[in-house]
Amino acid sequence: MRPVDQYPYGCRYRFIVAEPRCQHYYGRADATTLAKNHSPEPIQFNDKLSATMSKKFHLADQILFEDEAIIVINKPAGMLVIPDRWNLERPNLLAMLKHRDAKAKIYVVHRLDQGTSGVVLFAKTASVHQQLNYQLETRQMQKEYLAIIRGEVDQKGLIELAIDRDPHRRGRMMVSRGGKPSLTEYQVIERFRGYTYLRLFPRTGRTHQIRVHLKAIGHPLAIDPLYGTAEPLYLSKLKRDYRFKPDEPERPLIDRTPLHAAAIQFIHPLTGDQIVLTAALPKDMRAMLHALRKYQPLLEND
C-alpha cells in the first residue's frame with residue numbers, strides 16, 4: 001500500500017478523503033447511498049459522559065462511504081467501536097449504526113482502540129463480512145496509521161516480534177516468544193527534538209500491535225496509559241518561557257494516544273474494485289504537530 005499522499009487523481013481506485021463534517025469524493029465513488037437512511041437525531045444514552053459524547057458526535061457527518069455491502073466510518077478518539085463489556089450505555093459505533101435501522105444487521109470487520117481515531121470498516125451481510133475477514137487474514141487488506149512517538153528514530157524500519165496477552169495485567173499485551181507472529185513496518189515523516197512523526201503499516205492484525213511494537217523498540221506513543229506515560233502533552237512542556245494565565249488551568253494540546261488510522265485498502269466484495277479510503281488527521285494531532293514544529297524543531301546539528 002502506498003502512503004495516502006501518493007495516490008494520484010484519476011487513478012483506478014475509489015479514493016475518498018474525509019474531513020470533519022464534509023466528504024470529498026474522487027474517482028468512481030458513488031455517494032448516492034451515502035445520505036440514505038441516515039438518522040436525523042443521534043442515539044440517546046443515559047449516563048452523563050455518553051450523553052455528552054452523543055451530542056458532539058453525529059454519525060452522518062463521519063460516514064466516509066456506504067453502499068449495500070459496506071459502511072465505513074471516521075471514528076473520533078474517545079468513541080468505542082463495539083459496546084463496552086461493563087457499561088452498555090457508553091456510546092459506540094455499532095449501537096449507532098443499528099439505531100439507524102433496527103432491522104439491519106451490522107458486522108464489525110476490524111476495531112480501533114477507544115483512544116485511536118480514524119477509519120473503521122463494517123459489513124452489512126454475513127457473506128460480505130466473511131469475504132472481508134478473509135482479505136484481512138490473508139493480508140490482502142492493508143492499513144496505514146499515523147503516530148507521534150517519543151524519541152527520534154531512523155528513517156524506516158521493520159518490527160517483527162511475536163505478541164501475546166500479558167498474564168499479569170488484564171487488557172494488556174506484551175512481546176512474547178510464544179505469542180502470535182506480528183509484523184509492523186514504519187517510515188519517518190518528520191522528526192523533532194524528543195519526538196518523531198511516523199507512518200506505520202501493520203502487516204498483521206494483533207491487539208494493540210502498533211502500541212506494543214513501539215514500546216518494544218523503546219519509542220512508545222507520546223501518550224499511552226498502557227505502554228508508556230498517561231500524562232497529557234501541554235504546550236508549557238514544549239515552549240520555553242511559557243506564561244501561565246492566572247486562575248486559568250492550562251488545557252492540554254492532546255490527552256489521548258496520538259494514533260490515527262489514516263487509510264484502508266481492500267477489494268470490494270461485490271464489485272471487485274480496489275477501494276482506498278482515507279481520513280484526515282484530527283485537530284488534536286494537528287495541534288501537537290504544529291507545536292512541535294514551532295517549538296521543538298530538529299536542527300541540522302542536533
# chains A, B, ... in the order shown; residues from 1 in each chain; ligands from 1
$ residues_around --residues "A:Ala123" --least-positions-apart "4" --cutoff "7 Å" --atoms "only C-alpha atoms" --output "ChimeraX atom specification"
/A:69-71,106-109,128-129
$ closest_residue --among "A:Arg172, A:His110, A:Arg90, A:Arg203" --to "A:Glu160" --atoms "only C-alpha atoms"
A:Arg203
$ residues_around --residues "A:Met285" --least-positions-apart "2" --cutoff "12 Å" --atoms "only C-alpha atoms" --output "ChimeraX atom specification"
/A:76-77,116-118,146-149,197,222-223,233,252-260,280-283,287-292
$ residues_around --residues "A:Leu183" --least-positions-apart "4" --cutoff "8 Å" --atoms "only C-alpha atoms" --output "number ranges by chain"
A: 158-161, 202-204
$ select_by_dssp --residues "stretch 9-258 of chain A" --states "alpha helix (DSSP H)" --output "VMD selection string"
chain A and resid 48 to 56 93 to 100 126 to 137 209 to 216
$ write_last_selection --atoms "N, CA and C atoms" --output "compact mmCIF listing (two decimals), in the first residue's frame"
# COMPACT_ATOMS: atom_id res chain seq x y z
N LYS A 48 -24.05 10.54 31.92
CA LYS A 48 -23.66 11.90 31.55
C LYS A 48 -22.55 11.92 30.50
N LEU A 49 -21.52 11.07 30.69
CA LEU A 49 -20.41 11.04 29.75
C LEU A 49 -20.89 10.65 28.36
N SER A 50 -21.71 9.63 28.28
CA SER A 50 -22.19 9.17 27.00
C SER A 50 -23.12 10.18 26.35
N ALA A 51 -23.93 10.85 27.16
CA ALA A 51 -24.83 11.87 26.62
C ALA A 51 -24.04 13.02 26.01
N THR A 52 -22.95 13.40 26.67
CA THR A 52 -22.11 14.47 26.14
C THR A 52 -21.48 14.05 24.82
N MET A 53 -20.97 12.82 24.75
CA MET A 53 -20.35 12.33 23.52
C MET A 53 -21.35 12.27 22.38
N SER A 54 -22.58 11.80 22.67
CA SER A 54 -23.57 11.65 21.61
C SER A 54 -24.00 12.99 21.05
N LYS A 55 -23.97 14.04 21.87
CA LYS A 55 -24.32 15.37 21.39
C LYS A 55 -23.25 15.93 20.46
N LYS A 56 -22.00 15.62 20.75
CA LYS A 56 -20.89 16.14 19.96
C LYS A 56 -20.71 15.35 18.66
N LEU A 93 -20.02 2.90 18.01
CA LEU A 93 -20.43 2.97 16.61
C LEU A 93 -21.43 1.88 16.24
N LEU A 94 -21.23 0.69 16.76
CA LEU A 94 -22.12 -0.41 16.41
C LEU A 94 -23.56 -0.13 16.85
N ALA A 95 -23.72 0.41 18.05
CA ALA A 95 -25.06 0.74 18.54
C ALA A 95 -25.68 1.84 17.70
N MET A 96 -24.88 2.83 17.31
CA MET A 96 -25.40 3.93 16.50
C MET A 96 -25.83 3.45 15.12
N LEU A 97 -25.06 2.55 14.53
CA LEU A 97 -25.41 2.03 13.22
C LEU A 97 -26.70 1.20 13.28
N LYS A 98 -26.84 0.42 14.32
CA LYS A 98 -28.06 -0.37 14.47
C LYS A 98 -29.25 0.50 14.80
N HIS A 99 -29.02 1.63 15.43
CA HIS A 99 -30.08 2.56 15.78
C HIS A 99 -30.71 3.18 14.53
N ARG A 100 -29.91 3.32 13.47
CA ARG A 100 -30.45 3.89 12.22
C ARG A 100 -31.54 3.01 11.63
N ALA A 126 -23.56 -11.20 6.22
CA ALA A 126 -22.62 -12.20 6.72
C ALA A 126 -21.63 -12.61 5.64
N SER A 127 -22.08 -12.72 4.40
CA SER A 127 -21.18 -13.15 3.32
C SER A 127 -20.12 -12.09 3.04
N VAL A 128 -20.50 -10.82 3.04
CA VAL A 128 -19.54 -9.74 2.84
C VAL A 128 -18.54 -9.71 3.99
N HIS A 129 -19.05 -9.90 5.21
CA HIS A 129 -18.18 -9.95 6.39
C HIS A 129 -17.15 -11.06 6.26
N GLN A 130 -17.60 -12.22 5.79
CA GLN A 130 -16.69 -13.35 5.62
C GLN A 130 -15.61 -13.06 4.59
N GLN A 131 -16.00 -12.44 3.48
CA GLN A 131 -15.02 -12.12 2.44
C GLN A 131 -14.00 -11.09 2.92
N LEU A 132 -14.46 -10.08 3.64
CA LEU A 132 -13.55 -9.06 4.15
C LEU A 132 -12.61 -9.63 5.21
N ASN A 133 -13.14 -10.53 6.04
CA ASN A 133 -12.29 -11.19 7.04
C ASN A 133 -11.19 -12.01 6.37
N TYR A 134 -11.55 -12.65 5.26
CA TYR A 134 -10.55 -13.43 4.51
C TYR A 134 -9.44 -12.53 3.99
N GLN A 135 -9.83 -11.36 3.46
CA GLN A 135 -8.82 -10.40 2.99
C GLN A 135 -7.93 -9.94 4.13
N LEU A 136 -8.53 -9.78 5.30
CA LEU A 136 -7.77 -9.34 6.47
C LEU A 136 -6.77 -10.41 6.89
N GLU A 137 -7.23 -11.65 6.91
CA GLU A 137 -6.38 -12.76 7.35
C GLU A 137 -5.26 -13.07 6.36
N GLN A 209 -1.19 -4.02 18.47
CA GLN A 209 0.08 -4.36 17.82
C GLN A 209 1.03 -3.17 17.69
N ILE A 210 0.55 -2.06 17.15
CA ILE A 210 1.43 -0.91 16.95
C ILE A 210 1.95 -0.39 18.29
N ARG A 211 1.08 -0.31 19.27
CA ARG A 211 1.47 0.21 20.57
C ARG A 211 2.51 -0.68 21.25
N VAL A 212 2.31 -1.99 21.16
CA VAL A 212 3.25 -2.94 21.77
C VAL A 212 4.60 -2.90 21.04
N HIS A 213 4.56 -2.88 19.73
CA HIS A 213 5.81 -2.86 18.96
C HIS A 213 6.61 -1.58 19.19
N LEU A 214 5.91 -0.45 19.27
CA LEU A 214 6.62 0.81 19.52
C LEU A 214 7.26 0.81 20.91
N LYS A 215 6.56 0.28 21.88
CA LYS A 215 7.14 0.18 23.24
C LYS A 215 8.37 -0.73 23.21
N ALA A 216 8.28 -1.82 22.45
CA ALA A 216 9.37 -2.80 22.43
C ALA A 216 10.66 -2.24 21.86
$ select_by_dssp --residues "stretch 58-259 of chain A" --states "strand (DSSP E)" --output "number ranges by chain"
A: 63-66, 70-75, 107-108, 117-123, 142-150, 156-160, 163-165, 173-175, 183-192, 195-202, 259
$ closest_residue --among "A:Leu200, A:Leu64, A:Leu235, A:Val119" --to "A:Tyr186" --atoms "only C-alpha atoms"
A:Leu200
$ atom_distance --atom1 "atom CA of A:Asp154" --atom2 "atom CA of A:Phe201"
15.8 Å
$ residues_around --residues "A:Asp113" --least-positions-apart "3" --cutoff "8 Å" --atoms "only C-alpha atoms" --output "MDAnalysis selection string"
chainID A and resid 80:81 116 208
$ write_last_selection --atoms "N, CA, C and O atoms" --output "short mmCIF file (atom, residue, chain, number, x, y, z; two decimals), in the first residue's frame"
data_model
loop_
_atom_site.label_atom_id
_atom_site.label_comp_id
_atom_site.auth_asym_id
_atom_site.auth_seq_id
_atom_site.Cartn_x
_atom_site.Cartn_y
_atom_site.Cartn_z
N LEU A 80 -16.10 4.29 21.28
CA LEU A 80 -15.91 2.86 21.18
C LEU A 80 -16.42 2.35 19.83
O LEU A 80 -17.34 2.95 19.25
N VAL A 81 -15.88 1.24 19.37
CA VAL A 81 -16.38 0.61 18.15
C VAL A 81 -17.53 -0.33 18.48
O VAL A 81 -18.55 -0.34 17.78
N THR A 116 -7.88 5.70 19.77
CA THR A 116 -7.41 5.83 18.40
C THR A 116 -8.53 6.37 17.52
O THR A 116 -9.68 5.97 17.64
N HIS A 208 -3.54 -4.27 19.92
CA HIS A 208 -2.55 -3.29 20.38
C HIS A 208 -1.20 -3.44 19.67
O HIS A 208 -0.17 -3.02 20.21
#
$ residues_around --residues "A:Asp164" --least-positions-apart "2" --cutoff "7 Å" --atoms "only C-alpha atoms" --output "PyMOL selection string"
chain A and resi 162+166+173-176+179-180
$ atom_distance --atom1 "atom CA of A:Leu270" --atom2 "atom CA of A:Leu112"
24.8 Å
